[in-house]
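Here's the structure, in structure tokens; my notes come after.
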Amino acid sequence: MGRKLWITTSAAVLLWAGAAQAQQAPVTTGPAAEQQDTTLDDVVVTAERRTTNLQETAVAATVLSGAELENRGVTSLEQLQFVAPSTTVQNFGQGNFFNVRGIGKSEPTTAIGVGVTTYRDGVPVFPGYFQTEPYYDIGSVELLRGPQGTFAGTNATGGAVFINARNPDFTGVNGYLMGQVGSYANLKLQGAVNVPLTDTVAARFAFNTETRDGFHDITGAYSGTPGDIEARSFRTSVLWTPTPALRVLLKGDYNFLDFGGYPADPALATNDPFTITANGPNSGVDETARVSLNVSYVLDNGITLRSITGYQDGISEFSTDLDGTSALNNTFYDRVEEEVWSQEFNIVSPDDQRLTWLLGAFYQYDDVVFPVTTFPQGAYHVGFPEGVLDFYIFGETPKETQAVFGQISYDVSDQLQIQLGARWSESTSTNDNVYTTYPAFGLVLLQNDEVTAEKTTGKLSINYKIDDDNFVYGFVATGFKMGGLNAPNFYVPASSFGPEDVIDYEIGWKSTMFDGRVRTQLGAYYMAYEGFQVIVGDPMVPLFNSIVNVAGETVLKGIEGSAQMRFGQWSADVGASISSSELGEFFAVDPRLPRIPCNPETGPTAGNCRNLSGNSQSYAPEFTFNAGLQYEFAMDGGATLTPRIDYSHIGEAWTSIFNNAALGDQLEARNIVNLKLTYQVNDWTLSAYALNATDQTYIAAINAGLRYAGPPRQIGLNLMRTF
């Protein structure tokens with residue numbers, strides 16, 4: 001459903017920082033320059049802890065350089081869904097949660113693990129909250145689909161995203177400065193500078209600041225500044241290379257992100273979602289700090305020893321009008337403090353041999369605290385309505401994970417390669433003195449429990465290089481996500497839930513055609529889950545959920561394809577996925593309907609106790625498609641003028657496993673068009689942008705009975721100077 005279109009001229013997705021900055025190749029002439037202008041550069045993958053060519057790597061992946069991200073307007077996790085197949089992102093407060101092939105995380109609960117792990121500069125980031133960190137001064141983003149865990153960090157059943165910020169280098173003093181103005185009083189200032197301090201020490205400093213007004217017209221006695229953004233991010237990186245063999249990289253990040261809250265109204269409302277009423281609180285602040293240390297040493301025999309150390313600390317505060325109207329006084333307040341320590345060790349063989357291998361060990365301690373504090377009356381507080389029926393949660397929920405993993409690759413011939421990987425992991429989840437209190441009933445429930453699980457998973461891949469331009473592969477991989485503990489509430493006792501296991505079968509074909517002008521990637525997958533973890537809401541109180549395991553086998557399957565093309569001044573890219581998901585046999589009561597006894601394994605099928613077998617997984621659209629096209633006009637004085645259009649289609653999707661359209665469970669398909677016009681001359685770049693250029697109104701997510709609208713059209717200009 002589109003809103004009235006009021007622009008007809010093109011404009012541009014932001015050319016965010018890092019753009020051509022310091023990545024511009026020296027100007028060349030002659031045949032070499034002509035070849036460079038008409039063929040695609042090789043794309044490499046570093047996620048497997050060694051650098052490999054994407055076209056010859058047995059993994060389904062979308063890899064984008066910093067310049068490509070900027071060119072397509074990807075400045076945060078939320079926009080990633082518009083440039084990568086099989087990917088959806090839900091933004092409904094206190095972080096973005098995204099799913100790959102229908103697997104990921106769609107609830108802000110610390111009890112359930114993530115199905116897709118995000119790494120920043122090699123360190124796995126907060127697994128529950130704090131997913132709103134902006135992309136700025138980025139080197140590359142690598143999105144890997146399917147189970148991961150035999151070559152890096154944490155285990156993941158759905159995929160992994162590796163975000164790599166630009167590193168310091170010794171090329172000299174260089175960097176960029178970018179300023180932006182846009183609709184909704186948007187102001188942004190961003191920049192970076194690279195400084196070689198000595199022959200062996202270089203530093204890089206980057207920052208991003210932004211302010212913007214909210215999109216909504218809100219009436220009622222609400223509090224706060226819902227939707228208004230005030231964001232500040234800083235990064236410092238230092239590289240030390242005292243010898244050719246030793247490399248030490250230290251990075252520190254700080255983010256203060258104030259989103260003012262996340263306006264929403266009832267899921268079944270029919271009004272314009274940007275014109276709403278509210279009488280509750282509105283706030284949404286994430287403050288995080290992260291330090292990572294990456295040390296590598298290459299022995300005389302070519303073996304690399306690597307250590308990756310990470311520390312992260314964050315505070316997230318969130319409040320909202322829980323009924324989404326001015327009629328009631330249902331409210332929600334949340335304050336969470338999270339601290340994560342992680343350590344990874346790798347031993348990596350040289351690349352130039354027939355047998356290559358990688359060994360690794362990993363440890364992570366993740367401590368989440370709901371502090372005994374007043375915010376305004378508790379760390380996790382549901383008022384239903386406030387002051388009459390209140391619920392609180394206080395306590396600490398630490399998790400500890402340790403693992404060893406490895407992967408071996410053997411070249412049977414110049415064409416045939418066999419890969420074998422394995423991982424052993426053990427995880428412990430604890431609810432340490434977690435209090436659930438109900439003042440209206442004079443009731444306090446205490447939980448002090450612990451669950452531990454261990455699992456060995458693996459991967460076997462057969463890869464075949466047909467010729468220099470065609471590569472095929474097939475593999476079977478297993479994945480594991482540990483179980484955990486549900487918090488108690490006043491009529492449902494505390495319970496644990498079991499682990500989730502998956503077997504993934506995939507085949508793929510990657511090809512390079514037309515003398516390097518076209519690259520394609522095509523793959524198919526079949527993923528069978530046992531103990532699939534799903535979230536069932538409390539039928540009486542929103543935001544109180546229980547996690548349970550699906551008894552029967554849950555199946556996700558699909559086909560994914562992508563291509564990149566370059567013919568002279570024309571450049572294009574396309575991606576698509578067709579998928580389906582079917583839950584195994586599982587009985588549950590929809591929390592929005594009257595509650596009756598219902599055993600998850602036996603039912604019975606009566607009244608509101610339903611067998612959900614065959615229902616689709618939430619946020620798993622059957623079809624996604626994205627395409628981009630641009631043309632570079634050569635102008636006098638070496639200037640260029642480049643118009644670009646990006647189109648993305650995300651098909652209909654369910655927002656809950658109950659698949660009940662009458663209760664608002666279905667998200668309509670969305671069609672997003674981004675436009676960009678860039679003029680570049682020497683070190684100056686001027687860009688005009690239009691995000692969601694057709695001004696389509698769509699609902700991006702539904703959670704706790706509320707609907708959250710996706711961003712409307714945003715237009716603006718930015719000017720960047722590189723040096």
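By convention in this document, the chains of the structure tokens carry letters A, B, ... by their order, each chain's residues are numbered from 1, and ligands are numbered from 1 in the order they are shown.
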Problem - segment 339-345 of chain A surroundings by only C-alpha atoms, 10 Å radius, close-in-sequence under 5 positions cut, as a VMD selection string - result: chain A and resid 122 to 127 152 to 154 288 to 296 305 to 315 359 to 369 398 to 404
How would the residues just picked look written out with C-alpha atoms as a PDB file, in the first residue's frame?
ATOM      1  CA  GLY A 122      36.040 -11.128  14.592  1.00  0.00           C
ATOM      2  CA  VAL A 123      34.288 -10.842  17.976  1.00  0.00           C
ATOM      3  CA  PRO A 124      30.742 -12.237  18.435  1.00  0.00           C
ATOM      4  CA  VAL A 125      28.630  -9.334  19.676  1.00  0.00           C
ATOM      5  CA  PHE A 126      25.820  -9.198  22.230  1.00  0.00           C
ATOM      6  CA  PRO A 127      23.538 -12.157  21.414  1.00  0.00           C
ATOM      7  CA  ALA A 152      35.011 -19.607  14.007  1.00  0.00           C
ATOM      8  CA  GLY A 153      33.640 -18.473  17.360  1.00  0.00           C
ATOM      9  CA  THR A 154      30.153 -19.416  18.429  1.00  0.00           C
ATOM     10  CA  THR A 288      27.614   0.189  24.499  1.00  0.00           C
ATOM     11  CA  ALA A 289      31.390  -0.068  24.619  1.00  0.00           C
ATOM     12  CA  ARG A 290      33.516  -2.769  22.990  1.00  0.00           C
ATOM     13  CA  VAL A 291      37.233  -3.542  22.904  1.00  0.00           C
ATOM     14  CA  SER A 292      38.735  -6.189  20.623  1.00  0.00           C
ATOM     15  CA  LEU A 293      42.328  -7.382  20.342  1.00  0.00           C
ATOM     16  CA  ASN A 294      43.410  -9.455  17.343  1.00  0.00           C
ATOM     17  CA  VAL A 295      46.968 -10.806  17.487  1.00  0.00           C
ATOM     18  CA  SER A 296      48.458 -13.053  14.809  1.00  0.00           C
ATOM     19  CA  LEU A 305      48.809 -18.490  15.381  1.00  0.00           C
ATOM     20  CA  ARG A 306      45.909 -16.152  16.154  1.00  0.00           C
ATOM     21  CA  SER A 307      44.214 -14.829  19.292  1.00  0.00           C
ATOM     22  CA  ILE A 308      40.962 -12.827  19.217  1.00  0.00           C
ATOM     23  CA  THR A 309      39.907 -11.275  22.533  1.00  0.00           C
ATOM     24  CA  GLY A 310      36.717  -9.308  23.089  1.00  0.00           C
ATOM     25  CA  TYR A 311      35.056  -7.389  25.910  1.00  0.00           C
ATOM     26  CA  GLN A 312      31.654  -5.697  25.606  1.00  0.00           C
ATOM     27  CA  ASP A 313      29.524  -3.761  28.057  1.00  0.00           C
ATOM     28  CA  GLY A 314      26.078  -2.314  27.436  1.00  0.00           C
ATOM     29  CA  ILE A 315      23.038  -0.750  29.049  1.00  0.00           C
ATOM     30  CA  LEU A 359      42.033 -25.649  14.624  1.00  0.00           C
ATOM     31  CA  GLY A 360      40.286 -23.404  17.107  1.00  0.00           C
ATOM     32  CA  ALA A 361      39.078 -23.012  20.669  1.00  0.00           C
ATOM     33  CA  PHE A 362      36.468 -20.581  21.954  1.00  0.00           C
ATOM     34  CA  TYR A 363      35.162 -19.343  25.307  1.00  0.00           C
ATOM     35  CA  GLN A 364      32.424 -16.805  26.087  1.00  0.00           C
ATOM     36  CA  TYR A 365      30.863 -15.533  29.307  1.00  0.00           C
ATOM     37  CA  ASP A 366      27.664 -13.537  28.804  1.00  0.00           C
ATOM     38  CA  ASP A 367      26.120 -11.992  31.910  1.00  0.00           C
ATOM     39  CA  VAL A 368      22.708 -10.307  31.650  1.00  0.00           C
ATOM     40  CA  VAL A 369      21.386  -8.416  34.676  1.00  0.00           C
ATOM     41  CA  PRO A 398      24.609 -15.633  33.005  1.00  0.00           C
ATOM     42  CA  LYS A 399      25.555 -17.996  30.175  1.00  0.00           C
ATOM     43  CA  GLU A 400      28.885 -19.723  29.668  1.00  0.00           C
ATOM     44  CA  THR A 401      30.038 -21.367  26.437  1.00  0.00           C
ATOM     45  CA  GLN A 402      33.192 -23.270  25.556  1.00  0.00           C
ATOM     46  CA  ALA A 403      34.071 -25.064  22.353  1.00  0.00           C
ATOM     47  CA  VAL A 404      36.786 -26.583  20.208  1.00  0.00           C
TER      48      VAL A 404
END
Exercise for the section: Find the residue from A:Arg566, A:His649, A:Lys481, A:Arg166 that sits nearest to Asp515 of chain A; use only C-alpha atoms when measuring. Expected result: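 Selected residue with least distance to Asp515 of chain A: A:Arg566.
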Write out as a compact mmCIF listing (two decimals) with N, CA, C and O atoms, in the first residue's frame which residues come within 6 Å of Thr304 of chain A when counting only C-alpha atoms, dropping same-chain ones fewer than 4 positions away.
# COMPACT_ATOMS: atom_id res chain seq x y z
N TYR A 297 50.49 -14.30 14.55
CA TYR A 297 51.93 -14.50 14.35
C TYR A 297 52.14 -15.65 13.36
O TYR A 297 51.57 -16.73 13.54
N VAL A 298 52.94 -15.40 12.32
CA VAL A 298 53.21 -16.40 11.30
C VAL A 298 54.57 -17.04 11.58
O VAL A 298 55.60 -16.37 11.59
N ILE A 347 44.76 -21.90 15.11
CA ILE A 347 46.00 -22.33 14.48
C ILE A 347 45.65 -22.64 13.04
O ILE A 347 44.83 -23.54 12.77
N VAL A 348 46.24 -21.90 12.09
CA VAL A 348 45.83 -21.98 10.69
C VAL A 348 47.02 -22.38 9.83
O VAL A 348 48.10 -21.78 9.90
Exercise for the section: Choose the residue, out of A:Ala327, A:Val412, A:Val44, A:Ile466, that has the smallest atom-to-atom separation from Thr356 of chain A; count only C-alpha atoms. Expected result: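 Residue with the minimum atom-to-atom distance to Thr356 of chain A: A:Val412.
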Handout entry: Residue neighbourhood Ser86 of chain A, 10 Å, only C-alpha atoms, exclusion window fewer than 3 positions, as a list in words
Key = Gln81, Phe82, Val83, Asn99, Val100, Arg101, Gly102, Ile103, Arg145, Gly558, Ile559, Glu560, Gly561, Gly575, Ala576, Ser577, Ile578, Ser579, Ala620, Pro621, Glu622, Phe623, Thr624, Phe625 and Ile650 of chain A
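Between atom CA of Thr52 of chain A and atom CA of Gly479 of chain A there is a distance of 23.0 Å.
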Exercise for the section: Considering only C-alpha atoms, return as a list in words whatever protein or nucleic-acid residues lie within 9 Å of Thr157 of chain A, sequence-local ones (same chain, fewer than 4 positions apart) excluded. Expected result: Ile103, Gly104, Val114, Gly115, Val116, Thr117, Gly146, Pro147, Gln148, Gly149, Thr478, Gly479, Phe480, Lys481, Glu500, Asp501 and Val502 of chain A
Write out the residues from the selection above, keeping C-alpha atoms, as a short mmCIF file (atom, residue, chain, number, x, y, z; two decimals), in the first residue's frame.
data_model
loop_
_atom_site.label_atom_id
_atom_site.label_comp_id
_atom_site.auth_asym_id
_atom_site.auth_seq_id
_atom_site.Cartn_x
_atom_site.Cartn_y
_atom_site.Cartn_z
CA ILE A 103 16.01 -18.79 11.51
CA GLY A 104 17.35 -16.17 13.88
CA VAL A 114 20.37 -16.57 18.58
CA GLY A 115 20.17 -18.62 15.41
CA VAL A 116 22.30 -16.11 13.48
CA THR A 117 25.50 -14.85 15.12
CA GLY A 146 23.16 -22.06 6.97
CA PRO A 147 24.74 -23.67 10.06
CA GLN A 148 28.15 -22.25 11.01
CA GLY A 149 30.64 -23.30 13.65
CA THR A 478 24.77 -30.26 11.48
CA GLY A 479 24.07 -27.44 13.92
CA PHE A 480 23.08 -27.04 17.55
CA LYS A 481 21.46 -24.40 19.74
CA GLU A 500 17.60 -27.49 19.00
CA ASP A 501 19.39 -29.66 16.41
CA VAL A 502 19.51 -29.26 12.65
#
Problem - Who sits within 7 Å of segment 218-235 of chain A, only C-alpha atoms, same chain under 6 positions skipped, as a PyMOL selection string - result: chain A and resi 205-212+252-263+275-283+326
Write the selection just made, keeping N, CA, C and O atoms, as a short mmCIF file (atom, residue, chain, number, x, y, z; two decimals), in the first residue's frame?
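File part36.cif, as written:
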data_model
loop_
_atom_site.label_atom_id
_atom_site.label_comp_id
_atom_site.auth_asym_id
_atom_site.auth_seq_id
_atom_site.Cartn_x
_atom_site.Cartn_y
_atom_site.Cartn_z
N PHE A 205 40.93 6.71 13.17
CA PHE A 205 39.89 7.26 14.04
C PHE A 205 38.65 7.52 13.18
O PHE A 205 38.76 8.11 12.10
N ALA A 206 37.49 7.08 13.65
CA ALA A 206 36.26 7.25 12.89
C ALA A 206 35.12 7.65 13.83
O ALA A 206 35.13 7.29 15.01
N PHE A 207 34.16 8.39 13.29
CA PHE A 207 33.03 8.82 14.11
C PHE A 207 31.79 8.93 13.24
O PHE A 207 31.85 9.07 12.01
N ASN A 208 30.64 8.88 13.89
CA ASN A 208 29.35 9.05 13.22
C ASN A 208 28.39 9.71 14.21
O ASN A 208 28.20 9.20 15.32
N THR A 209 27.81 10.82 13.85
CA THR A 209 26.79 11.47 14.69
C THR A 209 25.58 11.76 13.82
O THR A 209 25.70 12.10 12.63
N GLU A 210 24.39 11.65 14.42
CA GLU A 210 23.18 11.86 13.64
C GLU A 210 22.04 12.29 14.55
O GLU A 210 21.91 11.81 15.68
N THR A 211 21.21 13.20 14.05
CA THR A 211 19.95 13.56 14.69
C THR A 211 18.85 13.51 13.64
O THR A 211 19.10 13.75 12.44
N ARG A 212 17.64 13.18 14.08
CA ARG A 212 16.50 13.12 13.16
C ARG A 212 15.21 13.13 13.96
O ARG A 212 15.12 12.52 15.03
N GLY A 252 38.63 -0.10 19.63
CA GLY A 252 37.67 0.27 20.66
C GLY A 252 36.50 1.03 20.05
O GLY A 252 36.71 1.94 19.24
N ASP A 253 35.27 0.63 20.40
CA ASP A 253 34.06 1.26 19.88
C ASP A 253 33.20 1.77 21.04
O ASP A 253 33.12 1.13 22.09
N TYR A 254 32.55 2.89 20.81
CA TYR A 254 31.58 3.41 21.78
C TYR A 254 30.35 3.89 21.01
O TYR A 254 30.47 4.54 19.95
N ASN A 255 29.16 3.55 21.52
CA ASN A 255 27.91 3.97 20.89
C ASN A 255 26.94 4.49 21.95
O ASN A 255 26.72 3.83 22.96
N PHE A 256 26.39 5.66 21.70
CA PHE A 256 25.25 6.16 22.48
C PHE A 256 24.14 6.42 21.47
O PHE A 256 24.22 7.33 20.64
N LEU A 257 23.10 5.59 21.53
CA LEU A 257 22.04 5.62 20.54
C LEU A 257 20.71 5.83 21.24
O LEU A 257 20.19 4.94 21.90
N ASP A 258 20.16 7.03 21.10
CA ASP A 258 18.88 7.38 21.71
C ASP A 258 17.84 7.47 20.59
O ASP A 258 17.88 8.37 19.76
N PHE A 259 16.90 6.51 20.59
CA PHE A 259 15.87 6.45 19.56
C PHE A 259 14.56 7.07 20.03
O PHE A 259 13.58 7.06 19.28
N GLY A 260 14.53 7.57 21.25
CA GLY A 260 13.35 8.24 21.75
C GLY A 260 12.16 7.34 22.02
O GLY A 260 11.14 7.79 22.54
N GLY A 261 12.27 6.06 21.69
CA GLY A 261 11.15 5.13 21.82
C GLY A 261 10.73 4.61 20.46
O GLY A 261 11.25 5.05 19.42
N TYR A 262 9.79 3.68 20.47
CA TYR A 262 9.37 3.02 19.24
C TYR A 262 7.84 3.10 19.15
O TYR A 262 7.13 2.24 19.66
N PRO A 263 7.30 4.13 18.49
CA PRO A 263 5.86 4.31 18.42
C PRO A 263 5.18 3.12 17.74
O PRO A 263 5.68 2.57 16.76
N THR A 275 -0.17 7.98 12.18
CA THR A 275 -1.04 8.89 12.91
C THR A 275 -1.70 8.09 14.02
O THR A 275 -2.67 7.37 13.80
N ILE A 276 -1.17 8.20 15.23
CA ILE A 276 -1.61 7.34 16.33
C ILE A 276 -1.82 8.17 17.59
O ILE A 276 -1.50 9.37 17.64
N THR A 277 -2.34 7.51 18.61
CA THR A 277 -2.55 8.14 19.90
C THR A 277 -1.93 7.28 20.99
O THR A 277 -1.83 6.06 20.84
N ALA A 278 -1.46 7.91 22.07
CA ALA A 278 -0.79 7.16 23.14
C ALA A 278 -0.86 7.98 24.42
O ALA A 278 -0.94 9.21 24.39
N ASN A 279 -0.81 7.29 25.55
CA ASN A 279 -0.76 7.98 26.84
C ASN A 279 0.28 7.36 27.77
O ASN A 279 0.23 7.56 28.98
N GLY A 280 1.23 6.62 27.21
CA GLY A 280 2.23 5.95 28.01
C GLY A 280 3.61 6.53 27.81
O GLY A 280 3.81 7.52 27.09
N PRO A 281 4.61 5.90 28.43
CA PRO A 281 5.99 6.38 28.32
C PRO A 281 6.62 5.96 27.00
O PRO A 281 6.20 4.99 26.36
N ASN A 282 7.64 6.69 26.58
CA ASN A 282 8.38 6.36 25.38
C ASN A 282 9.86 6.64 25.60
O ASN A 282 10.25 7.78 25.86
N SER A 283 10.67 5.61 25.52
CA SER A 283 12.12 5.78 25.59
C SER A 283 12.77 4.58 24.93
O SER A 283 12.18 3.50 24.85
N SER A 326 -4.65 5.68 23.74
CA SER A 326 -4.88 6.52 24.91
C SER A 326 -6.02 6.00 25.77
O SER A 326 -6.35 6.60 26.80
#
Problem - strand (DSSP E) positions in segment 447-532 of chain A, given as a PyMOL selection string - result: chain A and resi 447-467+470-481+484-485+496-497+500-513+518-530
Exercise for the section: Could you jot down the atom CA of Val673 of chain A to atom CA of Tyr698 of chain A separation for me, Å, one decimal place? Expected result: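 These atoms are spaced 13.0 Å apart.
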